[in-house]
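First comes the structure, then the notes that go with it.
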Amino acid sequence: MNIDIIPVTAFQQNCSLIWDDEKNAAIIDPGGEAEKLIRRIEELGLNLQRILLTHGHLDHVGAAPKLKAHFKAEIWGSNSADDYWFQGLPQQSEKFGLLFEASAFTPDRWLNEEGEMIAIGDLRLEVLQLPGHTPGHIGFLERSKKVAFTGDVLFQNSIGRTDFPGGDHQTLLRSIREKLYVLDDETIIVAGHGAYTTIGREKQHNPFL
Ligand SMILES: [Zn+2]
């Protein structure tokens, strides 16, 4: 699996581009800077098949409609419990000082099922339901490659915020313990912000669990 992590927006949100050897690709959490992402995908000559979203926060979804329009790729995720965040995108944008504008949209498909498999060429992404930071937060696990894209759930030495409307600290801790800490220690966690980490490292060093 090939991975290119592209930090976007003032929030330095880690947008991940993944593709197989035949250049079948998906983009996870394109939070903004659509032009930059489009350029990168075209430079690499990728066939973008899907736009995947972990949750409805602006810095994770802001460029999704532009990428969809450009590449004719569907937007899948998050869980529908985050619909209020998608419908509230203009307000999210206002709150952050109109850093960039965003219109409300609804993904082409909600991913409400635990364990649903998404095929992108040779890659197999498994949907993990990871509520807590937002109620509809999900993650994408490539189990055979031991890599998970988990948005704002688990960070190096930290965890996601739960002080936004609909956030819940205990639910977040449960998601981490029951869905992430059960994965192999070598599993790489590509977090929504900051450096990537591994399950083993966080089990040893994360002060929140
Ligand atoms: Zn978030």
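A note on labels: chains of the structure tokens are A, B, ... as shown, every chain counts residues from 1, and ligands are counted from 1 in their shown order.
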
Chain A near ligand 1 within 10 Å: what's each residue's closest atom pair and its distance in Å to one decimal, counting only C-alpha atoms and all ligand atoms, ordered by chain then ascending residue number, as CSV?
```
residue,atom,partner,partner_atom_place_in_ligand_line,distance
A:Gln13,CA,ligand 1,1 (Zn),9.3
A:Thr54,CA,ligand 1,1 (Zn),8.7
A:His55,CA,ligand 1,1 (Zn),6.8
A:Gly56,CA,ligand 1,1 (Zn),7.3
A:His57,CA,ligand 1,1 (Zn),5.0
A:Leu58,CA,ligand 1,1 (Zn),7.8
A:Asp59,CA,ligand 1,1 (Zn),7.2
A:His60,CA,ligand 1,1 (Zn),7.0
A:Val61,CA,ligand 1,1 (Zn),9.8
A:His133,CA,ligand 1,1 (Zn),6.7
A:Thr134,CA,ligand 1,1 (Zn),7.3
A:His137,CA,ligand 1,1 (Zn),8.7
A:Gly151,CA,ligand 1,1 (Zn),7.1
A:Asp152,CA,ligand 1,1 (Zn),5.2
A:Val153,CA,ligand 1,1 (Zn),8.4
A:Gly160,CA,ligand 1,1 (Zn),7.5
A:Arg161,CA,ligand 1,1 (Zn),7.7
A:Thr162,CA,ligand 1,1 (Zn),9.2
A:Phe164,CA,ligand 1,1 (Zn),9.0
A:Gly167,CA,ligand 1,1 (Zn),9.9
A:Gly192,CA,ligand 1,1 (Zn),7.8
A:His193,CA,ligand 1,1 (Zn),9.4
```

Quick check for you: according to DSSP on this backbone, which residues of range 55-189 of chain A are classed as strand (DSSP E)? Reply as a ChimeraX atom specification. /A:74-76,117-120,123-129,138-142,147-149,154-155,158-159,188-189

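With only C-alpha atoms taken into account, the protein and nucleic acid residues at most 10 Å from Lys66 in chain A (excluding it and anything under 3 positions from it in its own chain) are Pro30, Gly32, Glu33, Ala34, Glu35, Ile38, Gly62, Ala63, Ala69, His70, Phe71 and Lys72 of chain A.
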
Using only C-alpha atoms, determine which residues lie at most 7 Å from range 100-103 of chain A, disregarding the query and same-chain residues fewer than 2 positions distant; provide the list as a ChimeraX atom specification. /A:62,89-90,93,98,105

Selection above as a file: N, CA, C and O atoms, as a short mmCIF file (atom, residue, chain, number, x, y, z; two decimals), in the first residue's frame:
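Once everything was written out, this is part_15.cif:
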```cif
data_model
loop_
_atom_site.label_atom_id
_atom_site.label_comp_id
_atom_site.auth_asym_id
_atom_site.auth_seq_id
_atom_site.Cartn_x
_atom_site.Cartn_y
_atom_site.Cartn_z
N GLY A 62 -13.84 19.50 4.48
CA GLY A 62 -14.06 20.73 3.71
C GLY A 62 -13.86 20.64 2.21
O GLY A 62 -14.58 21.28 1.45
N LEU A 89 -22.10 22.67 8.47
CA LEU A 89 -20.78 23.10 7.96
C LEU A 89 -20.67 24.62 7.77
O LEU A 89 -19.64 25.20 8.10
N PRO A 90 -21.72 25.31 7.27
CA PRO A 90 -21.59 26.77 7.15
C PRO A 90 -21.35 27.43 8.50
O PRO A 90 -20.53 28.35 8.61
N SER A 93 -17.82 26.84 9.62
CA SER A 93 -16.93 27.71 8.87
C SER A 93 -16.94 29.12 9.46
O SER A 93 -15.89 29.75 9.63
N LEU A 98 -14.40 32.04 8.97
CA LEU A 98 -14.48 31.87 7.52
C LEU A 98 -13.11 31.61 6.90
O LEU A 98 -12.78 32.12 5.84
N PHE A 105 -23.44 19.46 3.05
CA PHE A 105 -23.65 18.38 2.08
C PHE A 105 -23.93 17.09 2.83
O PHE A 105 -23.70 17.00 4.04
#
```

Which value, in Å to one decimal, gives the distance between CA of Glu22 in chain A and CA of Leu46 in chain A?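 Computed distance, CA of Glu22 in chain A to CA of Leu46 in chain A, equals 8.6 Å.
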